[in-house]
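Colleague: Quick one: this structure, given as structure tokens, is what I'll be asking you about.
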Amino acid sequence: MNVAIIGTGYVGTVTGVCFAELGHNVVCVDVDTAKVDQINAGIPPIHEQGIPALLKKHVGKRLRATDDYNDAILKSEVTFICVGTPSGDDGRIDLSIVRSASKSIGKALAERCVDARYAYHVVVVKSTVVPGTTDDVVLPLIRENVRYGGYGGYKGYGGAEEVVGVTMNPEFLREGKAVHDFMNPDKIVIGGDIRAVDTVARLYKNILCEITRTDTKTAEMIKYANNSFLATKISFANEIGNICKKLGIDVYEVMSAIGKDFRIEGQFLNAGAGFGGSCFPKDVKALIGRASELGYDPLLLNAVIRINEEQPMRMVKLLANRIGDIRNRRIAVLGLSFKNETDDIRESRSIPVIRELLNRGATVAAYDPLASENMREVFPDVLYCDSAKDALDGADACMIMTEWTEFGSLDREFDAMRDVVVIDGRRMVSLDRGVYDGICW
Ligand code: UGA
């Protein structure tokens, strides 16, 4: 099938190369011409495992990029909206990019629909949007622009409704494993009317996975409920961990045991510095925002966020308990990305920790295998080191913020510290000397 993908960010790029790998012809659209040129030259616009090889394999054959909506959409049967849905200042979802993409798609479809040969096109919302957005925001904007663009009923078609289907197909991709997750999903959810859903389902026919067919609003909610539940598991583990810490119990032993209960399941119970990334914090807050608009106060979801925001501060408190005044002390921060195997620092738990350390007058020596350059834009005054050993050299204390595997084998490197004081936010090391404090153990 011929597919247009709007937005070459994280979700758009993964979706584009994976559909090409599944045998479809893909045109990626982005208003940023530098990104378009980059993709056409076979250079990935994001850092993600598996993308370089797939892009190289398909670019110029089954995949290309353009900044022209008409060029992409006129020749496609399906258009995916994969643009960003950032949080507004109050945590509520900012739909401005979704709106402008919907208008542009509508205008391009107006051209397409005046010719019956091109009739019937499905627009798929893949961006994470709060329940109701596809039907109440995207669909009207598309229909309006299709109509004003000149289409009002062509050769026996009754109107824009009959030539444009709109569906919602959320993604459940983990950064770092997104290509694997796309190709091996545990669920595919498509919301919309039967004809539109059937069209989108055909795109996935070579993937062995049951398709959950539903309405658009439910599809949107499934995405939020999925992420909110995973975030809740983490905050739950953190809360139990905070209690365990006071009782001298190892929360990892507790979670490993309860994870054996098939009703609980063992993943996402790693207690620590909390969850970051572009999804969990934003999505839970967006759902809280939508619930509040509807007059419901989501007690549990608010607690999930509150626990998550307090975890980094608990680490700074543990540090202060161990070394006293932080001013003019050199603190090594190991790990800057929000999780391992990515250079993404969005909502990373290291950000509030570094901010607090700097506010208190510390010198921060940081190391991350991938994310230093991104963090430099947030904190230019931090000393960025080329290795964990360099960051630890002469440090008064060390804070482990990200679960990078290489931190697990650190040992003698700690001896370069002025004092061996390690505050571990990810349960990465075990030390038989100096001071070691786990955040929840
Ligand atoms: C998350 C979901 O896992 C995906 O299913 C979803 O599609 C994606 O959001 C999205 O909405 O697009 P991602 O943000 O890539 O994926 O990251 P995760 O691997 O889920 O980790 C999120 C955060 O939770 C990280 O900061 C990680 O350190 C933390 N975490 C994870 C814990 O603190 N404990 C755990 O047990 C697991």
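If you're wondering about the labels, chains in the structure tokens are A, B, ... by order shown, residues count from 1 in each chain, ligands from 1 in order shown.
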Show me which residues are within 8 Å of ligand 1 counting only C-alpha atoms and all ligand atoms, and format the list as a PDB file with N, CA and C atoms, in the first residue's frame.

Modeller:
ATOM      1  N   VAL A  11       8.207   8.776  16.565  1.00  0.00           N
ATOM      2  CA  VAL A  11       7.163   7.828  16.157  1.00  0.00           C
ATOM      3  C   VAL A  11       7.071   7.756  14.636  1.00  0.00           C
ATOM      4  N   THR A 128      -0.117  10.560  20.312  1.00  0.00           N
ATOM      5  CA  THR A 128      -0.907  10.314  21.520  1.00  0.00           C
ATOM      6  C   THR A 128      -1.781  11.541  21.801  1.00  0.00           C
ATOM      7  N   GLU A 171       0.514   4.038  19.371  1.00  0.00           N
ATOM      8  CA  GLU A 171       1.763   3.258  19.352  1.00  0.00           C
ATOM      9  C   GLU A 171       2.124   2.869  20.781  1.00  0.00           C
ATOM     10  N   PHE A 172       2.806   1.731  20.903  1.00  0.00           N
ATOM     11  CA  PHE A 172       3.250   1.261  22.221  1.00  0.00           C
ATOM     12  C   PHE A 172       4.744   0.935  22.144  1.00  0.00           C
ATOM     13  N   LEU A 173       5.503   1.880  21.600  1.00  0.00           N
ATOM     14  CA  LEU A 173       6.925   1.636  21.315  1.00  0.00           C
ATOM     15  C   LEU A 173       7.806   2.176  22.427  1.00  0.00           C
ATOM     16  N   ARG A 174       8.745   1.354  22.861  1.00  0.00           N
ATOM     17  CA  ARG A 174       9.721   1.832  23.840  1.00  0.00           C
ATOM     18  C   ARG A 174      10.915   2.408  23.104  1.00  0.00           C
ATOM     19  N   GLU A 175      11.387   3.560  23.535  1.00  0.00           N
ATOM     20  CA  GLU A 175      12.611   4.098  22.941  1.00  0.00           C
ATOM     21  C   GLU A 175      13.724   3.102  23.141  1.00  0.00           C
ATOM     22  N   GLY A 176      14.547   2.941  22.125  1.00  0.00           N
ATOM     23  CA  GLY A 176      15.658   1.993  22.221  1.00  0.00           C
ATOM     24  C   GLY A 176      15.266   0.611  21.704  1.00  0.00           C
ATOM     25  N   LYS A 177      13.965   0.301  21.765  1.00  0.00           N
ATOM     26  CA  LYS A 177      13.511  -1.007  21.293  1.00  0.00           C
ATOM     27  C   LYS A 177      12.331  -0.841  20.339  1.00  0.00           C
ATOM     28  N   ALA A 178      12.222   0.360  19.784  1.00  0.00           N
ATOM     29  CA  ALA A 178      11.012   0.704  19.032  1.00  0.00           C
ATOM     30  C   ALA A 178      10.823  -0.142  17.773  1.00  0.00           C
ATOM     31  N   LYS A 223      -4.323   3.909  25.021  1.00  0.00           N
ATOM     32  CA  LYS A 223      -2.946   4.397  25.079  1.00  0.00           C
ATOM     33  C   LYS A 223      -2.651   5.070  26.436  1.00  0.00           C
ATOM     34  N   ASN A 226      -2.714   2.510  29.285  1.00  0.00           N
ATOM     35  CA  ASN A 226      -1.516   1.668  29.230  1.00  0.00           C
ATOM     36  C   ASN A 226      -0.328   2.376  29.898  1.00  0.00           C
ATOM     37  N   ASN A 227      -0.052   3.604  29.453  1.00  0.00           N
ATOM     38  CA  ASN A 227       1.086   4.334  30.018  1.00  0.00           C
ATOM     39  C   ASN A 227       0.850   4.700  31.482  1.00  0.00           C
ATOM     40  N   LEU A 230       1.542   1.622  33.648  1.00  0.00           N
ATOM     41  CA  LEU A 230       2.987   1.351  33.798  1.00  0.00           C
ATOM     42  C   LEU A 230       3.616   2.378  34.736  1.00  0.00           C
ATOM     43  N   ALA A 231       3.239   3.635  34.588  1.00  0.00           N
ATOM     44  CA  ALA A 231       3.769   4.678  35.480  1.00  0.00           C
ATOM     45  C   ALA A 231       3.328   4.413  36.921  1.00  0.00           C
ATOM     46  N   LYS A 233       2.742   1.455  38.224  1.00  0.00           N
ATOM     47  CA  LYS A 233       3.560   0.352  38.747  1.00  0.00           C
ATOM     48  C   LYS A 233       4.880   0.901  39.299  1.00  0.00           C
ATOM     49  N   ILE A 234       5.491   1.817  38.549  1.00  0.00           N
ATOM     50  CA  ILE A 234       6.784   2.359  38.979  1.00  0.00           C
ATOM     51  C   ILE A 234       6.617   3.174  40.268  1.00  0.00           C
ATOM     52  N   ALA A 237       6.111   0.841  43.135  1.00  0.00           N
ATOM     53  CA  ALA A 237       7.381   0.230  43.575  1.00  0.00           C
ATOM     54  C   ALA A 237       8.195   1.250  44.361  1.00  0.00           C
ATOM     55  N   GLN A 267       7.504  -7.009  35.522  1.00  0.00           N
ATOM     56  CA  GLN A 267       8.185  -5.875  34.902  1.00  0.00           C
ATOM     57  C   GLN A 267       7.671  -4.533  35.409  1.00  0.00           C
ATOM     58  N   PHE A 268       8.516  -3.521  35.235  1.00  0.00           N
ATOM     59  CA  PHE A 268       8.180  -2.153  35.651  1.00  0.00           C
ATOM     60  C   PHE A 268       7.947  -2.028  37.151  1.00  0.00           C
ATOM     61  N   LEU A 269       8.694  -2.829  37.895  1.00  0.00           N
ATOM     62  CA  LEU A 269       8.641  -2.731  39.356  1.00  0.00           C
ATOM     63  C   LEU A 269      10.022  -2.376  39.907  1.00  0.00           C
ATOM     64  N   ASN A 270      10.890  -1.828  39.033  1.00  0.00           N
ATOM     65  CA  ASN A 270      12.218  -1.424  39.505  1.00  0.00           C
ATOM     66  C   ASN A 270      12.109  -0.080  40.215  1.00  0.00           C
ATOM     67  N   ALA A 271      12.271  -0.115  41.528  1.00  0.00           N
ATOM     68  CA  ALA A 271      12.198   1.127  42.306  1.00  0.00           C
ATOM     69  C   ALA A 271      13.457   1.941  42.058  1.00  0.00           C
ATOM     70  N   GLY A 272      13.365   3.258  42.223  1.00  0.00           N
ATOM     71  CA  GLY A 272      14.540   4.096  42.026  1.00  0.00           C
ATOM     72  C   GLY A 272      14.207   5.561  41.916  1.00  0.00           C
ATOM     73  N   ALA A 273      14.938   6.234  41.009  1.00  0.00           N
ATOM     74  CA  ALA A 273      14.825   7.689  40.888  1.00  0.00           C
ATOM     75  C   ALA A 273      13.536   8.137  40.196  1.00  0.00           C
ATOM     76  N   GLY A 274      12.775   7.166  39.658  1.00  0.00           N
ATOM     77  CA  GLY A 274      11.494   7.521  39.048  1.00  0.00           C
ATOM     78  C   GLY A 274      11.530   7.461  37.534  1.00  0.00           C
ATOM     79  N   PHE A 275      10.371   7.742  36.930  1.00  0.00           N
ATOM     80  CA  PHE A 275      10.270   7.642  35.468  1.00  0.00           C
ATOM     81  C   PHE A 275      10.432   9.011  34.811  1.00  0.00           C
ATOM     82  N   GLY A 276      11.123   8.993  33.658  1.00  0.00           N
ATOM     83  CA  GLY A 276      11.230  10.203  32.843  1.00  0.00           C
ATOM     84  C   GLY A 276      10.796   9.878  31.431  1.00  0.00           C
ATOM     85  N   GLY A 277      11.311  10.633  30.468  1.00  0.00           N
ATOM     86  CA  GLY A 277      10.982  10.369  29.072  1.00  0.00           C
ATOM     87  C   GLY A 277       9.892  11.282  28.552  1.00  0.00           C
ATOM     88  N   SER A 278       9.648  11.128  27.261  1.00  0.00           N
ATOM     89  CA  SER A 278       8.697  12.041  26.616  1.00  0.00           C
ATOM     90  C   SER A 278       7.261  11.565  26.777  1.00  0.00           C
ATOM     91  N   CYS A 279       7.066  10.409  27.426  1.00  0.00           N
ATOM     92  CA  CYS A 279       5.713   9.843  27.425  1.00  0.00           C
ATOM     93  C   CYS A 279       5.053   9.768  28.791  1.00  0.00           C
ATOM     94  N   PHE A 280       5.626   8.997  29.712  1.00  0.00           N
ATOM     95  CA  PHE A 280       4.924   8.777  30.991  1.00  0.00           C
ATOM     96  C   PHE A 280       4.536  10.090  31.691  1.00  0.00           C
ATOM     97  N   ASP A 283       1.962  12.024  29.489  1.00  0.00           N
ATOM     98  CA  ASP A 283       0.671  11.365  29.278  1.00  0.00           C
ATOM     99  C   ASP A 283      -0.149  11.315  30.562  1.00  0.00           C
ATOM    100  N   PHE A 338      17.134   9.775  30.144  1.00  0.00           N
ATOM    101  CA  PHE A 338      16.012   9.370  31.018  1.00  0.00           C
ATOM    102  C   PHE A 338      16.001   7.871  31.280  1.00  0.00           C
ATOM    103  N   LYS A 339      16.678   7.118  30.410  1.00  0.00           N
ATOM    104  CA  LYS A 339      16.890   5.691  30.641  1.00  0.00           C
ATOM    105  C   LYS A 339      18.100   5.291  29.815  1.00  0.00           C
ATOM    106  N   ASN A 340      18.537   4.054  29.905  1.00  0.00           N
ATOM    107  CA  ASN A 340      19.722   3.645  29.164  1.00  0.00           C
ATOM    108  C   ASN A 340      19.423   3.475  27.675  1.00  0.00           C
ATOM    109  N   SER A 348      14.264  13.680  32.169  1.00  0.00           N
ATOM    110  CA  SER A 348      15.190  12.790  32.871  1.00  0.00           C
ATOM    111  C   SER A 348      15.237  13.174  34.342  1.00  0.00           C
ATOM    112  N   ARG A 349      15.302  12.162  35.191  1.00  0.00           N
ATOM    113  CA  ARG A 349      15.345  12.422  36.641  1.00  0.00           C
ATOM    114  C   ARG A 349      16.653  13.076  37.051  1.00  0.00           C
ATOM    115  N   THR A 402      20.964   6.919  35.947  1.00  0.00           N
ATOM    116  CA  THR A 402      20.421   6.183  34.793  1.00  0.00           C
ATOM    117  C   THR A 402      20.932   4.748  34.824  1.00  0.00           C
ATOM    118  N   GLU A 403      20.093   3.820  34.331  1.00  0.00           N
ATOM    119  CA  GLU A 403      20.422   2.391  34.403  1.00  0.00           C
ATOM    120  C   GLU A 403      21.311   1.920  33.247  1.00  0.00           C
ATOM    121  N   ARG A 426      19.434   3.743  40.840  1.00  0.00           N
ATOM    122  CA  ARG A 426      18.982   2.693  39.909  1.00  0.00           C
ATOM    123  C   ARG A 426      19.441   1.303  40.298  1.00  0.00           C
TER     124      ARG A 426
END

Colleague: Quick one: residues within 8 Å of Asp297 (chain A), only C-alpha atoms, excluding same-chain residues fewer than 3 positions away - as a PyMOL selection string?

Modeller: chain A and resi 288+291-292

Colleague: Residues of the last selection are to be written out with C-alpha atoms, as a short mmCIF file (atom, residue, chain, number, x, y, z; two decimals), in the first residue's frame.

Modeller:
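Final file, out_31.cif:
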data_model
loop_
_atom_site.label_atom_id
_atom_site.label_comp_id
_atom_site.auth_asym_id
_atom_site.auth_seq_id
_atom_site.Cartn_x
_atom_site.Cartn_y
_atom_site.Cartn_z
CA ILE A 288 -5.14 14.30 34.79
CA ALA A 291 -10.18 14.40 33.87
CA SER A 292 -10.06 17.70 35.75
#

Colleague: Taking the DSSP assignment computed from this structure's backbone, write out as a ChimeraX atom specification all residues of region 249-356 of chain A that belong to alpha helix (DSSP H).

Modeller: /A:251-258,280-293,299-323,350-356

Colleague: Per DSSP on the backbone, filter region 202-381 of chain A down to the residues in strand (DSSP E) and report them as a list in words.

Modeller: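 Going through region 202-381 of chain A, the strand (DSSP E) residues come out as Ile211, Thr212, Arg213, Thr214, Arg330, Ile331, Ala332, Val333, Leu334, Thr363, Val364, Ala365, Ala366 and Tyr367 of chain A.
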
Colleague: Might you pull out every residue within 12 Å of Pro140 (chain A), with only C-alpha atoms counted and same-chain residues fewer than 3 positions away left off, and present them as an NGL selection string?

Modeller: :A and (99 or 102-103 or 105-106 or 132-137 or 143-148 or 160-161 or 164-166)
